[in-house]
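In what follows, a single structure is set out as structure tokens and then discussed.
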Amino acid sequence: QVQLVESGGGLVQAGGSLRLSCAASGRTFSTYAMGWFRQDPGKEREFVAAISGSGGSKYYVDSVKGRFTISRDNARNTVYLQMANLKPEDTAVYHCAARPGPGPQFYSGSYYYTYEYDYWGQGTQVTVSS
């Protein structure tokens with residue numbers, strides 16, 4: 001069982017920055033692909049970014065490319081989402097997710113889908129004011 005705990009959310013003005021963190025339990029963190037998703041009330045959870053176990057491969061939804069950066073520190077069992085130039089439409093609850101032992105299909109595009117992840121955190125609220 002993997003437990004994920006997000007932190008770092010808050011209220012920020014448009015154009016500002018935040019860094020989200022997700023701390024994971026478990027001894028084999030470096031074998032997990034990790035993802036960040038976000039969800040507005042009444043909407044489906046949507047993909048934001050994903051990173052391979054080694055950190056060598058990163059993926060982003062088009063709307064955040066050039067503004068958000070996903071990274072990980074396997075020694076600290078933590079994945080990060082650095083968010084810059086935030087916009088009001090980035091307002092959502094942000095969740096991290098873990099996929100142990102992903103195969104080639106995962107990195108071919110399956111990282112986009114919520115059902116590909118086995119473990120989820122409770123989320124952290126990000127609110128961007130205009």
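Chain labels follow the order of the structure tokens: the first chain is A, the next B, and so on; residue numbering restarts at 1 in every chain, and ligands are counted from 1 in their shown order.
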
field: chain A: residues DSSP assigns to strand (DSSP E or B), reported as number ranges by chain
entry: A: 4-7, 10-13, 18-24, 32-39, 46-51, 58-60, 68-73, 78-83, 92-100, 119-120, 124-129

Writer output for current selection, C-alpha atoms, as an mmCIF file, in the first residue's frame:
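Output file selection17.cif is given in full below:
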```cif
data_model
loop_
_atom_site.group_PDB
_atom_site.id
_atom_site.type_symbol
_atom_site.label_atom_id
_atom_site.label_comp_id
_atom_site.auth_asym_id
_atom_site.auth_seq_id
_atom_site.Cartn_x
_atom_site.Cartn_y
_atom_site.Cartn_z
ATOM 1 C CA LEU A 4 0.445 9.945 -0.817
ATOM 2 C CA VAL A 5 0.214 13.294 0.958
ATOM 3 C CA GLU A 6 0.106 16.551 -0.985
ATOM 4 C CA SER A 7 1.049 19.981 0.334
ATOM 5 C CA GLY A 10 -2.932 28.035 -1.380
ATOM 6 C CA LEU A 11 -4.294 31.318 -2.676
ATOM 7 C CA VAL A 12 -2.204 33.234 -5.184
ATOM 8 C CA GLN A 13 -2.771 36.107 -7.573
ATOM 9 C CA LEU A 18 3.344 27.878 -6.213
ATOM 10 C CA ARG A 19 5.200 24.640 -5.659
ATOM 11 C CA LEU A 20 3.209 21.545 -4.780
ATOM 12 C CA SER A 21 4.802 18.575 -3.057
ATOM 13 C CA CYS A 22 3.640 14.980 -2.783
ATOM 14 C CA ALA A 23 5.300 12.745 -0.214
ATOM 15 C CA ALA A 24 4.986 9.010 -0.750
ATOM 16 C CA TYR A 32 6.647 4.323 -9.575
ATOM 17 C CA ALA A 33 5.553 6.624 -12.322
ATOM 18 C CA MET A 34 3.927 9.657 -10.715
ATOM 19 C CA GLY A 35 1.267 11.983 -11.979
ATOM 20 C CA TRP A 36 -0.481 15.193 -11.056
ATOM 21 C CA PHE A 37 -4.165 15.675 -11.812
ATOM 22 C CA ARG A 38 -6.585 18.460 -10.959
ATOM 23 C CA GLN A 39 -10.312 18.656 -10.426
ATOM 24 C CA GLU A 46 -7.969 15.996 -15.571
ATOM 25 C CA PHE A 47 -4.364 15.143 -16.284
ATOM 26 C CA VAL A 48 -1.750 17.819 -15.634
ATOM 27 C CA ALA A 49 1.678 16.171 -15.701
ATOM 28 C CA ALA A 50 3.463 12.854 -15.253
ATOM 29 C CA ILE A 51 7.023 11.730 -14.664
ATOM 30 C CA LYS A 58 8.095 14.068 -18.361
ATOM 31 C CA TYR A 59 4.697 14.716 -19.869
ATOM 32 C CA TYR A 60 2.354 17.702 -19.692
ATOM 33 C CA PHE A 68 4.481 24.005 -14.949
ATOM 34 C CA THR A 69 7.423 21.707 -14.225
ATOM 35 C CA ILE A 70 7.183 18.246 -12.706
ATOM 36 C CA SER A 71 10.186 16.806 -10.896
ATOM 37 C CA ARG A 72 11.001 14.198 -8.286
ATOM 38 C CA ASP A 73 13.533 13.452 -5.569
ATOM 39 C CA THR A 78 8.728 13.155 -3.128
ATOM 40 C CA VAL A 79 7.366 14.488 -6.392
ATOM 41 C CA TYR A 80 6.926 18.193 -7.073
ATOM 42 C CA LEU A 81 4.873 20.396 -9.332
ATOM 43 C CA GLN A 82 6.357 23.852 -9.790
ATOM 44 C CA MET A 83 3.659 26.156 -11.139
ATOM 45 C CA ALA A 92 -8.654 23.357 -8.712
ATOM 46 C CA VAL A 93 -7.867 20.675 -6.195
ATOM 47 C CA TYR A 94 -4.570 19.104 -7.244
ATOM 48 C CA HIS A 95 -4.008 15.400 -6.622
ATOM 49 C CA CYS A 96 -0.891 13.328 -7.019
ATOM 50 C CA ALA A 97 -1.104 9.716 -8.109
ATOM 51 C CA ALA A 98 1.222 6.730 -8.272
ATOM 52 C CA ARG A 99 1.542 3.908 -10.756
ATOM 53 C CA PRO A 100 3.849 1.144 -9.586
ATOM 54 C CA TYR A 119 -2.875 5.224 -5.550
ATOM 55 C CA TRP A 120 -4.123 8.749 -4.961
ATOM 56 C CA THR A 124 -4.439 20.253 -2.094
ATOM 57 C CA GLN A 125 -6.466 23.308 -3.081
ATOM 58 C CA VAL A 126 -4.964 25.857 -5.466
ATOM 59 C CA THR A 127 -6.903 29.081 -5.933
ATOM 60 C CA VAL A 128 -5.756 31.728 -8.390
ATOM 61 C CA SER A 129 -7.406 35.122 -8.123
#
```

field: Near-A:Ser25 list (8 Å; only C-alpha atoms; drop same-chain fewer than 5 positions) as a ChimeraX atom specification
entry: /A:2-4,77

- prompt: What residues in chain A get the DSSP label alpha helix (DSSP H)? Please answer as a list in words.
  reply: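 Of chain A, the ones in alpha helix (DSSP H) are Pro104, Gln105, Phe106 and Tyr107 of chain A.
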
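Atom CA of A:Ala75 is found 29.4 Å from atom CA of A:Asp90.
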
query: So how far away is atom CA of A:Gly55 from atom CA of A:Pro104, in Å?
result: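 Atom-to-atom, atom CA of A:Pro104 and atom CA of A:Gly55 are spaced 15.3 Å apart.
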